[in-house]
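Reviewing the structure listed below.
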Amino acid sequence: MAALRERDIATLLVLIRRYAGCSQNDLAGVTGITQSRISEYMRGRRLPTLDTIERIADGIDMPPDCRGLLGLAPHRR
């Protein structure tokens with residue numbers, strides 16, 4: 001995946017959101033991150049912290065194999 005190789009965080013977050021089949025508002029609801037901040041991440045206007053990326057992964061119940069590809073820790077419930 002080119003976005004992963006190139007460390008294109010904005011594109012990765014868009015792909016994650018599409019994988020989950022949710023809108024930015026849905027993602028905001030399950031993560032506690034505002035929709036406007038989610039939008040900034042998706043457009044590449046702001047870089048999320050690793051903790052934020054993990055919150056997103058937790059919010060959509062990302063499978064362990066996908067989390068591993070992104071270098072994330074196991075689900076943190």
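Each chain of the structure tokens is named A, B, ... in the order shown, its residues numbered from 1; ligands are numbered from 1 in display order.
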
For Arg7 (chain A): contacts at 12 Å, only C-alpha atoms, fewer than 6 positions along chain excluded, given as an MDAnalysis selection string: chainID A and resid 1 13 44 47 69:71

Within 12 Å of Leu50 (chain A) using only C-alpha atoms, minus same-chain residues under 6 positions, as number ranges by chain: A: 9, 56-57, 67, 70-73

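Closest approach to Cys66 (chain A) among A:Ile38, A:Cys22, A:Leu15, A:Ala28: A:Leu15, based on only C-alpha atoms.
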
Residues flagged alpha helix (DSSP H) by DSSP in chain A, as a PyMOL selection string: chain A and resi 2-5+9-20+24-31+35-42+50-59+64-69

Can those selected residues be exported to a file as a compact mmCIF listing (two decimals), in the first residue's frame so that it contains N, CA and C atoms?
```
# COMPACT_ATOMS: atom_id res chain seq x y z
N ALA A 2 0.74 2.07 -1.01
CA ALA A 2 1.60 3.24 -1.19
C ALA A 2 1.50 4.21 -0.02
N ALA A 3 0.30 4.45 0.49
CA ALA A 3 0.13 5.40 1.59
C ALA A 3 0.91 4.96 2.82
N LEU A 4 0.93 3.67 3.08
CA LEU A 4 1.66 3.15 4.23
C LEU A 4 3.16 3.28 4.01
N ARG A 5 3.61 2.93 2.81
CA ARG A 5 5.03 3.04 2.49
C ARG A 5 5.51 4.49 2.58
N ILE A 9 -0.15 9.92 6.31
CA ILE A 9 -1.11 9.71 7.39
C ILE A 9 -2.53 10.12 6.98
N ALA A 10 -2.66 11.23 6.26
CA ALA A 10 -3.99 11.69 5.86
C ALA A 10 -4.69 10.63 5.00
N THR A 11 -3.99 10.10 4.02
CA THR A 11 -4.59 9.08 3.16
C THR A 11 -4.88 7.81 3.95
N LEU A 12 -3.99 7.43 4.85
CA LEU A 12 -4.24 6.25 5.68
C LEU A 12 -5.51 6.42 6.51
N LEU A 13 -5.70 7.61 7.08
CA LEU A 13 -6.89 7.84 7.89
C LEU A 13 -8.16 7.80 7.05
N VAL A 14 -8.09 8.31 5.83
CA VAL A 14 -9.25 8.23 4.93
C VAL A 14 -9.56 6.77 4.62
N LEU A 15 -8.52 5.98 4.35
CA LEU A 15 -8.72 4.56 4.06
C LEU A 15 -9.29 3.82 5.27
N ILE A 16 -8.80 4.15 6.45
CA ILE A 16 -9.31 3.53 7.68
C ILE A 16 -10.79 3.86 7.85
N ARG A 17 -11.14 5.12 7.62
CA ARG A 17 -12.54 5.54 7.76
C ARG A 17 -13.42 4.81 6.75
N ARG A 18 -12.96 4.70 5.52
CA ARG A 18 -13.73 3.99 4.49
C ARG A 18 -13.86 2.51 4.83
N TYR A 19 -12.78 1.91 5.32
CA TYR A 19 -12.81 0.50 5.73
C TYR A 19 -13.90 0.28 6.78
N ALA A 20 -13.99 1.23 7.71
CA ALA A 20 -14.97 1.11 8.78
C ALA A 20 -16.38 1.44 8.30
N GLN A 24 -17.18 11.04 8.92
CA GLN A 24 -16.34 11.75 9.88
C GLN A 24 -17.11 11.97 11.18
N ASN A 25 -18.40 12.26 11.08
CA ASN A 25 -19.22 12.43 12.29
C ASN A 25 -19.30 11.14 13.10
N ASP A 26 -19.47 10.01 12.41
CA ASP A 26 -19.50 8.72 13.10
C ASP A 26 -18.18 8.49 13.82
N LEU A 27 -17.09 8.76 13.12
CA LEU A 27 -15.76 8.56 13.69
C LEU A 27 -15.56 9.46 14.91
N ALA A 28 -16.03 10.68 14.81
CA ALA A 28 -15.94 11.60 15.95
C ALA A 28 -16.71 11.04 17.14
N GLY A 29 -17.88 10.48 16.87
CA GLY A 29 -18.70 9.94 17.95
C GLY A 29 -18.07 8.77 18.69
N VAL A 30 -17.37 7.90 17.97
CA VAL A 30 -16.79 6.72 18.62
C VAL A 30 -15.40 6.97 19.20
N THR A 31 -14.81 8.13 18.89
CA THR A 31 -13.46 8.41 19.38
C THR A 31 -13.40 9.54 20.39
N GLN A 35 -15.39 16.42 15.04
CA GLN A 35 -15.46 16.21 13.59
C GLN A 35 -14.53 17.16 12.86
N SER A 36 -14.41 18.39 13.35
CA SER A 36 -13.53 19.35 12.67
C SER A 36 -12.07 18.91 12.77
N ARG A 37 -11.68 18.33 13.89
CA ARG A 37 -10.31 17.84 14.03
C ARG A 37 -10.09 16.62 13.14
N ILE A 38 -11.07 15.72 13.09
CA ILE A 38 -10.99 14.56 12.18
C ILE A 38 -10.79 15.06 10.75
N SER A 39 -11.55 16.07 10.36
CA SER A 39 -11.43 16.63 9.01
C SER A 39 -10.03 17.18 8.76
N GLU A 40 -9.47 17.86 9.74
CA GLU A 40 -8.10 18.39 9.59
C GLU A 40 -7.10 17.25 9.37
N TYR A 41 -7.27 16.16 10.09
CA TYR A 41 -6.38 15.01 9.91
C TYR A 41 -6.54 14.43 8.51
N MET A 42 -7.79 14.27 8.07
CA MET A 42 -8.06 13.66 6.77
C MET A 42 -7.55 14.50 5.60
N LEU A 50 0.30 9.51 17.76
CA LEU A 50 0.12 8.06 17.74
C LEU A 50 -1.05 7.67 18.64
N ASP A 51 -1.19 8.35 19.77
CA ASP A 51 -2.31 8.07 20.67
C ASP A 51 -3.65 8.32 19.97
N THR A 52 -3.72 9.37 19.18
CA THR A 52 -4.95 9.67 18.44
C THR A 52 -5.25 8.59 17.41
N ILE A 53 -4.22 8.14 16.70
CA ILE A 53 -4.42 7.07 15.72
C ILE A 53 -4.90 5.80 16.42
N GLU A 54 -4.36 5.53 17.60
CA GLU A 54 -4.82 4.35 18.37
C GLU A 54 -6.25 4.53 18.84
N ARG A 55 -6.64 5.75 19.21
CA ARG A 55 -8.04 6.01 19.60
C ARG A 55 -8.98 5.73 18.43
N ILE A 56 -8.55 6.13 17.24
CA ILE A 56 -9.36 5.88 16.04
C ILE A 56 -9.46 4.37 15.79
N ALA A 57 -8.33 3.68 15.87
CA ALA A 57 -8.32 2.23 15.68
C ALA A 57 -9.20 1.54 16.71
N ASP A 58 -9.13 1.99 17.96
CA ASP A 58 -9.98 1.43 19.01
C ASP A 58 -11.45 1.70 18.71
N GLY A 59 -11.75 2.92 18.27
CA GLY A 59 -13.13 3.33 18.02
C GLY A 59 -13.82 2.51 16.95
N PRO A 64 -6.64 -6.96 14.84
CA PRO A 64 -5.24 -6.99 15.24
C PRO A 64 -4.25 -7.00 14.08
N ASP A 65 -4.57 -7.72 12.99
CA ASP A 65 -3.61 -7.77 11.88
C ASP A 65 -3.45 -6.40 11.22
N CYS A 66 -4.53 -5.64 11.11
CA CYS A 66 -4.44 -4.28 10.56
C CYS A 66 -3.68 -3.36 11.50
N ARG A 67 -3.95 -3.50 12.80
CA ARG A 67 -3.23 -2.69 13.79
C ARG A 67 -1.74 -2.96 13.69
N GLY A 68 -1.38 -4.23 13.51
CA GLY A 68 0.03 -4.60 13.40
C GLY A 68 0.69 -3.97 12.19
N LEU A 69 -0.02 -3.91 11.06
CA LEU A 69 0.53 -3.28 9.85
C LEU A 69 0.85 -1.81 10.08
```

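When only C-alpha atoms are used to compute distances to Pro48 (chain A), the closest of the residues A:Pro74, A:Ile33, A:Met62, A:Gly21 turns out to be A:Ile33.
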